[in-house]
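Peer 1: Sharing query-v1.cif below, mmCIF, C-alpha atoms:
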data_data
loop_
_atom_site.group_PDB
_atom_site.id
_atom_site.type_symbol
_atom_site.label_atom_id
_atom_site.label_comp_id
_atom_site.auth_asym_id
_atom_site.auth_seq_id
_atom_site.Cartn_x
_atom_site.Cartn_y
_atom_site.Cartn_z
ATOM 1 C CA MET P 1 14.581 -7.793 -30.777
ATOM 2 C CA GLY P 2 11.446 -9.713 -31.758
ATOM 3 C CA LEU P 3 8.770 -10.210 -29.108
ATOM 4 C CA ASP P 4 5.858 -12.545 -29.803
ATOM 5 C CA ARG P 5 2.635 -10.918 -28.587
ATOM 6 C CA ASP P 6 1.035 -14.139 -27.342
ATOM 7 C CA ASP P 7 4.168 -15.177 -25.478
ATOM 8 C CA LEU P 8 4.509 -11.721 -23.988
ATOM 9 C CA THR P 9 0.875 -11.678 -22.847
ATOM 10 C CA ALA P 10 1.333 -15.085 -21.209
ATOM 11 C CA THR P 11 4.536 -13.930 -19.500
ATOM 12 C CA LEU P 12 2.807 -10.877 -18.025
ATOM 13 C CA ALA P 13 -0.153 -12.938 -16.813
ATOM 14 C CA ALA P 14 2.154 -15.468 -15.168
ATOM 15 C CA GLU P 15 4.123 -12.730 -13.440
ATOM 16 C CA ARG P 16 0.954 -11.138 -12.116
ATOM 17 C CA GLU P 17 -0.241 -14.490 -10.788
ATOM 18 C CA ARG P 18 3.139 -15.151 -9.155
ATOM 19 C CA LEU P 19 3.173 -11.838 -7.297
ATOM 20 C CA LEU P 20 -0.479 -11.452 -6.273
ATOM 21 C CA PRO P 21 0.159 -13.338 -2.988
ATOM 22 C CA GLU P 22 2.861 -10.761 -2.113
ATOM 23 C CA THR P 23 1.209 -8.614 0.569
ATOM 24 C CA SER P 24 4.099 -6.625 2.024
ATOM 25 C CA GLY P 25 4.198 -2.842 1.871
ATOM 26 C CA GLU P 26 1.871 -0.004 2.840
ATOM 27 C CA VAL P 27 -0.417 2.143 0.710
ATOM 28 C CA GLY P 28 0.999 5.674 0.535
ATOM 29 C CA ASP P 29 -1.662 7.512 -1.478
ATOM 30 C CA PRO P 30 -5.123 7.897 0.109
ATOM 31 C CA SER P 31 -6.694 8.136 -3.346
ATOM 32 C CA VAL P 32 -5.938 4.446 -3.976
ATOM 33 C CA ALA P 33 -6.780 3.184 -0.467
ATOM 34 C CA GLY P 34 -8.703 -0.075 -0.644
ATOM 35 C CA SER P 35 -6.931 -1.133 -3.846
ATOM 36 C CA GLU P 36 -4.240 -3.227 -2.186
ATOM 37 C CA GLY P 37 -5.323 -6.325 -4.142
ATOM 38 C CA ARG P 38 -5.119 -4.558 -7.516
ATOM 39 C CA PHE P 39 -2.119 -5.288 -9.733
ATOM 40 C CA GLY P 40 -1.871 -4.397 -13.397
ATOM 41 C CA ILE P 41 1.074 -4.889 -15.762
ATOM 42 C CA ALA P 42 1.279 -3.722 -19.355
ATOM 43 C CA VAL P 43 3.849 -3.609 -22.130
ATOM 44 C CA VAL P 44 3.898 -1.648 -25.368
ATOM 45 C CA THR P 45 6.647 -2.551 -27.826
ATOM 46 C CA ALA P 46 8.510 -0.095 -30.001
ATOM 47 C CA GLU P 47 6.464 -1.429 -32.917
ATOM 48 C CA GLY P 48 3.221 -0.578 -31.132
ATOM 49 C CA GLU P 49 2.129 -4.037 -29.969
ATOM 50 C CA THR P 50 0.164 -3.769 -26.708
ATOM 51 C CA CYS P 51 -0.175 -6.435 -24.018
ATOM 52 C CA GLY P 52 -1.794 -6.141 -20.610
ATOM 53 C CA THR P 53 -3.041 -8.129 -17.653
ATOM 54 C CA GLU P 54 -6.139 -7.833 -15.553
ATOM 55 C CA ASP P 55 -6.223 -4.405 -13.818
ATOM 56 C CA ALA P 56 -4.015 -2.877 -16.540
ATOM 57 C CA ASP P 57 -6.961 -0.679 -17.567
ATOM 58 C CA VAL P 58 -7.809 0.569 -14.041
ATOM 59 C CA GLY P 59 -7.282 4.298 -13.529
ATOM 60 C CA PHE P 60 -5.145 5.910 -10.801
ATOM 61 C CA PRO P 61 -3.274 9.219 -10.280
ATOM 62 C CA VAL P 62 0.034 9.354 -12.136
ATOM 63 C CA GLN P 63 1.680 11.161 -9.188
ATOM 64 C CA SER P 64 5.493 11.391 -9.452
ATOM 65 C CA VAL P 65 5.637 9.357 -12.658
ATOM 66 C CA VAL P 66 4.703 12.649 -14.326
ATOM 67 C CA LYS P 67 8.024 14.203 -13.278
ATOM 68 C CA PRO P 68 10.029 12.905 -16.276
ATOM 69 C CA TRP P 69 7.361 14.409 -18.518
ATOM 70 C CA VAL P 70 7.364 17.786 -16.770
ATOM 71 C CA TYR P 71 11.151 17.765 -17.181
ATOM 72 C CA ALA P 72 10.811 16.768 -20.834
ATOM 73 C CA VAL P 73 8.369 19.578 -21.588
ATOM 74 C CA ALA P 74 10.519 22.136 -19.769
ATOM 75 C CA LEU P 75 13.584 20.954 -21.714
ATOM 76 C CA ALA P 76 11.700 21.194 -24.983
ATOM 77 C CA ASP P 77 10.532 24.721 -24.118
ATOM 78 C CA ARG P 78 13.555 26.246 -22.363
ATOM 79 C CA ARG P 79 16.462 23.831 -22.512
ATOM 80 C CA GLU P 80 19.314 26.139 -21.515
ATOM 81 C CA ASP P 81 17.316 27.634 -18.651
ATOM 82 C CA VAL P 82 16.545 24.124 -17.384
ATOM 83 C CA HIS P 83 20.210 23.111 -17.513
ATOM 84 C CA GLU P 84 21.096 26.173 -15.446
ATOM 85 C CA ALA P 85 18.251 25.813 -12.929
ATOM 86 C CA ILE P 86 18.137 22.041 -12.224
ATOM 87 C CA GLY P 87 20.956 19.624 -11.449
ATOM 88 C CA VAL P 88 21.200 15.970 -12.477
ATOM 89 C CA GLU P 89 22.794 14.392 -9.409
ATOM 90 C CA PRO P 90 21.183 11.670 -7.253
ATOM 91 C CA THR P 91 20.431 12.525 -3.646
ATOM 92 C CA GLY P 92 20.308 10.362 -0.567
ATOM 93 C CA GLU P 93 17.680 12.645 0.941
ATOM 94 C CA PRO P 94 13.884 12.062 0.927
ATOM 95 C CA PHE P 95 12.089 13.117 -2.265
ATOM 96 C CA ASP P 96 10.499 16.100 -0.487
ATOM 97 C CA ALA P 97 13.568 17.148 1.515
ATOM 98 C CA LEU P 98 13.963 20.877 2.186
ATOM 99 C CA GLU P 99 17.429 20.862 0.685
ATOM 100 C CA LEU P 100 19.074 22.411 -2.377
ATOM 101 C CA GLU P 101 22.603 22.305 -3.804
ATOM 102 C CA LEU P 102 24.877 24.247 -1.445
ATOM 103 C CA GLU P 103 26.951 26.023 -4.093
ATOM 104 C CA THR P 104 24.210 26.813 -6.620
ATOM 105 C CA GLY P 105 20.971 26.910 -4.600
ATOM 106 C CA ARG P 106 19.284 24.829 -7.279
ATOM 107 C CA PRO P 107 17.429 21.492 -6.931
ATOM 108 C CA PRO P 108 19.713 18.445 -7.213
ATOM 109 C CA ASN P 109 17.643 16.718 -9.921
ATOM 110 C CA PRO P 110 14.214 16.883 -11.570
ATOM 111 C CA MET P 111 12.898 13.662 -10.016
ATOM 112 C CA VAL P 112 12.653 15.092 -6.481
ATOM 113 C CA ASN P 113 9.930 17.575 -5.583
ATOM 114 C CA ALA P 114 12.175 20.647 -5.632
ATOM 115 C CA GLY P 115 13.351 19.801 -9.136
ATOM 116 C CA ALA P 116 9.830 19.027 -10.341
ATOM 117 C CA LEU P 117 8.618 22.366 -8.992
ATOM 118 C CA MET P 118 11.431 24.161 -10.793
ATOM 119 C CA ALA P 119 10.688 22.281 -14.020
ATOM 120 C CA ALA P 120 6.984 23.128 -13.702
ATOM 121 C CA SER P 121 7.872 26.812 -13.413
ATOM 122 C CA LEU P 122 9.904 26.602 -16.642
ATOM 123 C CA VAL P 123 7.172 25.027 -18.792
ATOM 124 C CA ALA P 124 6.020 27.501 -21.435
ATOM 125 C CA GLY P 125 2.786 29.330 -20.652
ATOM 126 C CA THR P 126 1.436 32.496 -19.115
ATOM 127 C CA GLY P 127 -0.403 30.920 -16.186
ATOM 128 C CA VAL P 128 -1.399 27.733 -14.402
ATOM 129 C CA ALA P 129 -3.939 26.577 -16.974
ATOM 130 C CA GLU P 130 -1.583 26.953 -19.946
ATOM 131 C CA ARG P 131 1.294 25.149 -18.246
ATOM 132 C CA VAL P 132 -0.928 22.300 -17.077
ATOM 133 C CA GLU P 133 -2.396 21.944 -20.565
ATOM 134 C CA ARG P 134 1.099 21.890 -22.081
ATOM 135 C CA VAL P 135 2.128 18.932 -19.884
ATOM 136 C CA LEU P 136 -1.259 17.215 -20.203
ATOM 137 C CA ASP P 137 -1.105 17.450 -23.993
ATOM 138 C CA VAL P 138 2.349 15.873 -24.170
ATOM 139 C CA CYS P 139 1.364 13.076 -21.761
ATOM 140 C CA SER P 140 -1.824 12.440 -23.749
ATOM 141 C CA ARG P 141 0.065 12.222 -27.041
ATOM 142 C CA ALA P 142 2.553 9.811 -25.478
ATOM 143 C CA ALA P 143 -0.275 7.688 -24.034
ATOM 144 C CA GLY P 144 -2.147 7.672 -27.342
ATOM 145 C CA ARG P 145 -5.379 9.035 -25.903
ATOM 146 C CA ARG P 146 -6.662 12.195 -24.241
ATOM 147 C CA LEU P 147 -5.979 12.058 -20.504
ATOM 148 C CA SER P 148 -7.704 14.113 -17.819
ATOM 149 C CA VAL P 149 -7.025 15.643 -14.403
ATOM 150 C CA ASP P 150 -8.876 14.245 -11.371
ATOM 151 C CA GLU P 151 -10.097 17.333 -9.496
ATOM 152 C CA ASP P 152 -10.684 15.414 -6.255
ATOM 153 C CA VAL P 153 -7.038 14.376 -6.237
ATOM 154 C CA VAL P 154 -6.006 17.964 -7.017
ATOM 155 C CA ALA P 155 -7.894 19.212 -3.957
ATOM 156 C CA ALA P 156 -6.174 16.648 -1.731
ATOM 157 C CA GLU P 157 -2.765 17.406 -3.232
ATOM 158 C CA LEU P 158 -3.122 21.145 -2.627
ATOM 159 C CA GLU P 159 -4.368 20.636 0.918
ATOM 160 C CA GLY P 160 -1.262 18.610 1.733
ATOM 161 C CA ALA P 161 1.237 20.711 -0.232
ATOM 162 C CA ASP P 162 2.872 22.580 2.665
ATOM 163 C CA ARG P 163 6.324 21.057 2.073
ATOM 164 C CA ASN P 164 6.126 21.880 -1.624
ATOM 165 C CA ARG P 165 5.185 25.443 -0.715
ATOM 166 C CA ALA P 166 8.168 25.559 1.622
ATOM 167 C CA LEU P 167 10.467 24.292 -1.138
ATOM 168 C CA ALA P 168 9.066 26.791 -3.605
ATOM 169 C CA HIS P 169 9.474 29.671 -1.129
ATOM 170 C CA LEU P 170 13.044 28.535 -0.434
ATOM 171 C CA MET P 171 13.885 28.604 -4.151
ATOM 172 C CA ARG P 172 11.964 31.832 -4.716
ATOM 173 C CA GLY P 173 13.757 33.480 -1.798
ATOM 174 C CA GLY P 174 17.084 32.391 -3.270
ATOM 175 C CA GLY P 175 16.255 34.000 -6.591
ATOM 176 C CA MET P 176 15.976 30.692 -8.472
ATOM 177 C CA LEU P 177 12.246 30.097 -8.954
ATOM 178 C CA PRO P 178 10.987 32.323 -11.802
ATOM 179 C CA GLY P 179 7.242 32.064 -11.138
ATOM 180 C CA PRO P 180 4.862 32.734 -8.235
ATOM 181 C CA VAL P 181 4.957 30.105 -5.502
ATOM 182 C CA GLU P 182 1.238 29.266 -5.468
ATOM 183 C CA ASP P 183 1.080 28.989 -9.270
ATOM 184 C CA THR P 184 4.067 26.652 -9.340
ATOM 185 C CA VAL P 185 2.687 24.446 -6.559
ATOM 186 C CA GLU P 186 -0.690 24.247 -8.289
ATOM 187 C CA VAL P 187 0.811 23.297 -11.665
ATOM 188 C CA LEU P 188 2.674 20.375 -10.091
ATOM 189 C CA ALA P 189 -0.362 19.299 -8.034
ATOM 190 C CA ARG P 190 -2.552 19.290 -11.138
ATOM 191 C CA VAL P 191 -0.205 17.325 -13.387
ATOM 192 C CA CYS P 192 0.437 14.799 -10.584
ATOM 193 C CA SER P 193 -3.357 14.308 -10.528
ATOM 194 C CA ILE P 194 -3.596 13.213 -14.169
ATOM 195 C CA GLU P 195 -5.438 9.883 -14.248
ATOM 196 C CA VAL P 196 -3.656 7.078 -16.100
ATOM 197 C CA THR P 197 -3.672 3.292 -16.370
ATOM 198 C CA ALA P 198 -0.816 0.809 -16.558
ATOM 199 C CA LEU P 199 -1.541 0.618 -20.305
ATOM 200 C CA ASP P 200 -1.099 4.382 -20.574
ATOM 201 C CA LEU P 201 2.205 4.255 -18.696
ATOM 202 C CA ALA P 202 3.446 1.465 -20.966
ATOM 203 C CA ALA P 203 2.652 3.571 -24.050
ATOM 204 C CA MET P 204 4.316 6.613 -22.501
ATOM 205 C CA ALA P 205 7.373 4.520 -21.649
ATOM 206 C CA ALA P 206 7.435 3.106 -25.175
ATOM 207 C CA THR P 207 7.426 6.670 -26.516
ATOM 208 C CA LEU P 208 10.621 7.287 -24.550
ATOM 209 C CA ALA P 209 11.936 3.906 -25.727
ATOM 210 C CA ARG P 210 11.643 5.277 -29.266
ATOM 211 C CA TRP P 211 13.438 8.457 -28.213
ATOM 212 C CA GLY P 212 10.285 10.555 -28.165
ATOM 213 C CA ARG P 213 8.423 8.991 -31.080
ATOM 214 C CA HIS P 214 5.032 7.460 -30.296
ATOM 215 C CA PRO P 215 5.056 3.638 -30.682
ATOM 216 C CA GLY P 216 3.526 2.408 -33.893
ATOM 217 C CA SER P 217 3.323 5.891 -35.438
ATOM 218 C CA GLU P 218 5.606 8.598 -36.713
ATOM 219 C CA GLU P 219 4.535 11.351 -34.295
ATOM 220 C CA GLN P 220 7.502 12.922 -32.516
ATOM 221 C CA VAL P 221 6.026 13.733 -29.102
ATOM 222 C CA VAL P 222 9.249 15.188 -27.671
ATOM 223 C CA PRO P 223 12.600 15.737 -29.421
ATOM 224 C CA ALA P 224 14.985 12.787 -29.422
ATOM 225 C CA ALA P 225 17.652 14.785 -27.601
ATOM 226 C CA VAL P 226 15.161 15.573 -24.849
ATOM 227 C CA ALA P 227 14.209 11.897 -24.499
ATOM 228 C CA THR P 228 17.892 11.011 -24.124
ATOM 229 C CA GLU P 229 18.327 13.522 -21.296
ATOM 230 C CA VAL P 230 15.168 12.342 -19.558
ATOM 231 C CA LEU P 231 16.166 8.667 -19.749
ATOM 232 C CA SER P 232 19.610 9.442 -18.338
ATOM 233 C CA VAL P 233 18.173 11.136 -15.252
ATOM 234 C CA MET P 234 15.524 8.427 -14.822
ATOM 235 C CA ALA P 235 18.309 5.831 -14.761
ATOM 236 C CA THR P 236 20.159 7.507 -11.899
ATOM 237 C CA CYS P 237 17.406 9.286 -9.938
ATOM 238 C CA GLY P 238 14.008 7.878 -10.897
ATOM 239 C CA MET P 239 13.445 5.347 -8.120
ATOM 240 C CA TYR P 240 14.236 7.479 -5.062
ATOM 241 C CA ASP P 241 16.750 5.818 -2.743
ATOM 242 C CA GLY P 242 16.103 2.532 -4.552
ATOM 243 C CA SER P 243 17.537 3.856 -7.818
ATOM 244 C CA GLY P 244 20.871 2.089 -7.451
ATOM 245 C CA TRP P 245 19.278 -1.259 -6.580
ATOM 246 C CA TRP P 246 16.823 -0.943 -9.462
ATOM 247 C CA ILE P 247 19.321 -0.050 -12.193
ATOM 248 C CA HIS P 248 21.657 -2.776 -10.905
ATOM 249 C CA ARG P 249 18.955 -5.440 -11.005
ATOM 250 C CA ALA P 250 16.556 -4.344 -13.772
ATOM 251 C CA GLY P 251 18.837 -2.165 -15.861
ATOM 252 C CA MET P 252 16.076 0.096 -17.200
ATOM 253 C CA PRO P 253 15.503 3.829 -16.735
ATOM 254 C CA ALA P 254 12.344 4.095 -14.626
ATOM 255 C CA LYS P 255 10.149 6.339 -12.498
ATOM 256 C CA SER P 256 7.866 5.368 -9.653
ATOM 257 C CA GLY P 257 5.011 7.179 -7.919
ATOM 258 C CA VAL P 258 3.302 7.137 -4.536
ATOM 259 C CA SER P 259 0.091 5.752 -6.072
ATOM 260 C CA GLY P 260 1.998 2.499 -6.705
ATOM 261 C CA SER P 261 2.777 3.302 -10.318
ATOM 262 C CA LEU P 262 5.874 2.378 -12.294
ATOM 263 C CA MET P 263 7.024 3.431 -15.765
ATOM 264 C CA ALA P 264 10.133 1.642 -17.056
ATOM 265 C CA VAL P 265 11.893 1.946 -20.396
ATOM 266 C CA ALA P 266 13.928 -0.569 -22.378
ATOM 267 C CA PRO P 267 15.379 1.812 -24.997
ATOM 268 C CA GLY P 268 14.688 0.685 -28.535
ATOM 269 C CA VAL P 269 12.597 -2.265 -27.351
ATOM 270 C CA LEU P 270 9.541 -1.544 -25.193
ATOM 271 C CA GLY P 271 7.874 0.374 -22.420
ATOM 272 C CA LEU P 272 6.599 -1.200 -19.214
ATOM 273 C CA GLY P 273 3.776 0.135 -17.057
ATOM 274 C CA ALA P 274 2.707 -1.360 -13.747
ATOM 275 C CA TRP P 275 0.466 -0.435 -10.837
ATOM 276 C CA SER P 276 0.119 -1.937 -7.371
ATOM 277 C CA PRO P 277 -0.476 0.458 -4.442
ATOM 278 C CA PRO P 278 1.499 -1.122 -1.529
ATOM 279 C CA LEU P 279 4.916 0.564 -1.294
ATOM 280 C CA ASP P 280 8.256 -0.440 0.183
ATOM 281 C CA GLY P 281 10.372 1.710 2.499
ATOM 282 C CA GLU P 282 11.771 3.737 -0.411
ATOM 283 C CA GLY P 283 8.300 4.613 -1.704
ATOM 284 C CA ASN P 284 8.303 2.188 -4.639
ATOM 285 C CA SER P 285 5.601 -0.363 -5.441
ATOM 286 C CA VAL P 286 6.602 -3.742 -4.007
ATOM 287 C CA ARG P 287 4.943 -5.852 -6.699
ATOM 288 C CA ALA P 288 5.883 -3.540 -9.566
ATOM 289 C CA LEU P 289 9.574 -3.640 -8.629
ATOM 290 C CA LEU P 290 9.634 -7.410 -8.367
ATOM 291 C CA ALA P 291 7.791 -7.752 -11.659
ATOM 292 C CA GLY P 292 10.136 -5.333 -13.407
ATOM 293 C CA VAL P 293 13.235 -7.225 -12.301
ATOM 294 C CA ARG P 294 11.808 -10.609 -13.324
ATOM 295 C CA LEU P 295 10.620 -9.336 -16.720
ATOM 296 C CA SER P 296 13.996 -7.725 -17.343
ATOM 297 C CA GLU P 297 15.656 -11.077 -16.701
ATOM 298 C CA GLU P 298 13.199 -13.120 -18.757
ATOM 299 C CA LEU P 299 13.061 -10.757 -21.731
ATOM 300 C CA GLY P 300 16.712 -9.683 -21.712
ATOM 301 C CA LEU P 301 15.968 -6.009 -21.100
ATOM 302 C CA HIS P 302 18.921 -5.063 -18.881
ATOM 303 C CA THR P 303 20.748 -2.313 -20.754
ATOM 304 C CA PHE P 304 24.172 -3.462 -19.585
ATOM 305 C CA ALA P 305 23.748 -7.231 -19.958
ATOM 306 C CA PRO P 306 25.215 -9.246 -22.867
ATOM 307 C CA GLY P 307 22.538 -9.292 -25.523
ATOM 308 C CA GLY P 308 20.527 -6.665 -23.630
ATOM 309 C CA ARG P 309 18.183 -4.612 -25.794
#
Taking this structure as input, can you express it in the form of structure tokens?

Peer 2:
Amino acid sequence: MGLDRDDLTATLAAERERLLPETSGEVGDPSVAGSEGRFGIAVVTAEGETCGTEDADVGFPVQSVVKPWVYAVALADRREDVHEAIGVEPTGEPFDALELELETGRPPNPMVNAGALMAASLVAGTGVAERVERVLDVCSRAAGRRLSVDEDVVAAELEGADRNRALAHLMRGGGMLPGPVEDTVEVLARVCSIEVTALDLAAMAATLARWGRHPGSEEQVVPAAVATEVLSVMATCGMYDGSGWWIHRAGMPAKSGVSGSLMAVAPGVLGLGAWSPPLDGEGNSVRALLAGVRLSEELGLHTFAPGGR
């Protein structure tokens, strides 16, 4: 699928202009308060071409968009243990619900907080710093530049992490969580506080679009089999209770975050990154969702559509 860079840049700019007047939704992450008018969209193709709009280079916390990457790293490090410890089923419960699978006591999927905590505990390393660095390194290689953790966001995340502590204690008490509760909660808080831009998310998505190979290079960031597993769970569970609507309309595996971030993947074609802080009732960025659906339609990205991909 050939994509002309100039045409693609113009398409992104037009979509941003179309949606800027959209003012519905509420900011859910205090770290991006006051950024309601910001809206960045970026695309990186499988060949490595990069296009972005205004605000595509503005930094923000990755938040839950890191969850597919924590899952990917855990799979790469301890695949069989991950399969045993984390399910792959969607849930109609809130992302931070104090609920596990009844029969197994494990988290239902890696895109909710319980599953992300379990995945964080299964990343290779002997302590918090090593596990955080393992995830940070993989995210940086996928983004194509060295990323960093925002310590102010970490402090806020840890202060408000009582539900994650409760989830971790619940899993630890059930004999499922292998690591200490506080270490596990801190690892997830720190990787959720990695600062990214929409351009970074587009490059990371494009890495998944190439089944783990960085766009425009030959570096295999994560194994292809791992990328396939990650994309499958993103397709069914990545957009909270809006996952069904999103895959029906946009047809791309995706993950959203409370900072207003979106990472969407058109396998074999491109990666899409977007950021706009106001969220809808499901916790997804209002503008980013609308942009993703329109771009999927205009560029023929729906996986299940005739001529898609």

Peer 1: Using only C-alpha atoms, which protein or nucleic acid residues come within 12 Å of P:Asp137? Drop anything in the same chain fewer than 5 positions from it, and give the result as an mmCIF file with C-alpha atoms, keeping the file's coordinate frame.

Peer 2:
data_model
loop_
_atom_site.group_PDB
_atom_site.id
_atom_site.type_symbol
_atom_site.label_atom_id
_atom_site.label_comp_id
_atom_site.auth_asym_id
_atom_site.auth_seq_id
_atom_site.Cartn_x
_atom_site.Cartn_y
_atom_site.Cartn_z
ATOM 1 C CA TRP P 69 7.361 14.409 -18.518
ATOM 2 C CA VAL P 70 7.364 17.786 -16.770
ATOM 3 C CA VAL P 73 8.369 19.578 -21.588
ATOM 4 C CA ALA P 129 -3.939 26.577 -16.974
ATOM 5 C CA GLU P 130 -1.583 26.953 -19.946
ATOM 6 C CA ARG P 131 1.294 25.149 -18.246
ATOM 7 C CA VAL P 132 -0.928 22.300 -17.077
ATOM 8 C CA ALA P 142 2.553 9.811 -25.478
ATOM 9 C CA ALA P 143 -0.275 7.688 -24.034
ATOM 10 C CA GLY P 144 -2.147 7.672 -27.342
ATOM 11 C CA ARG P 145 -5.379 9.035 -25.903
ATOM 12 C CA ARG P 146 -6.662 12.195 -24.241
ATOM 13 C CA LEU P 147 -5.979 12.058 -20.504
ATOM 14 C CA SER P 148 -7.704 14.113 -17.819
ATOM 15 C CA VAL P 149 -7.025 15.643 -14.403
ATOM 16 C CA VAL P 191 -0.205 17.325 -13.387
ATOM 17 C CA ILE P 194 -3.596 13.213 -14.169
ATOM 18 C CA VAL P 221 6.026 13.733 -29.102
ATOM 19 C CA VAL P 222 9.249 15.188 -27.671
#

Peer 1: For the PyMOL selection byres ((chain P and resi 226) around 8), applied here, can you spell out every residue it catches as a ChimeraX atom specification?

Peer 2: /P:72,75-76,212,222-225,227-230

Peer 1: Quick one: residues within 9 Å of P:Trp275, all atoms listed in the file counted, chain neighbours fewer than 4 positions away excluded, as a PyMOL selection string?

Peer 2: chain P and resi 38-41+55-56+58+60+197-198+259-262+285+287-288

Peer 1: Any chance you could resolve the PyMOL selection byres ((chain P and resi 45) around 8) against this file and give the residues as a list in words?

Peer 2: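 Selected by the PyMOL selection byres ((chain P and resi 45) around 8) in this file: Val43, Val44, Ala46, Glu47, Gly48, Glu49, Thr50, Ala206, Pro215, Val269, Leu270 and Gly271 of chain P.
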
Peer 1: So, with all atoms listed in the file as the atoms that count, which of P:Asn113, P:Ala202, P:Glu151, P:Arg213 lies closest to P:Val185?

Peer 2: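 Going through P:Asn113, P:Ala202, P:Glu151, P:Arg213 one by one, the smallest distance to P:Val185 is for P:Asn113.
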
Peer 1: Mind giving me the straight-line distance from atom CA of P:Ser64 to atom CA of P:Tyr240 in Å, one decimal?

Peer 2: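 Computed distance, atom CA of P:Ser64 to atom CA of P:Tyr240, equals 10.5 Å.
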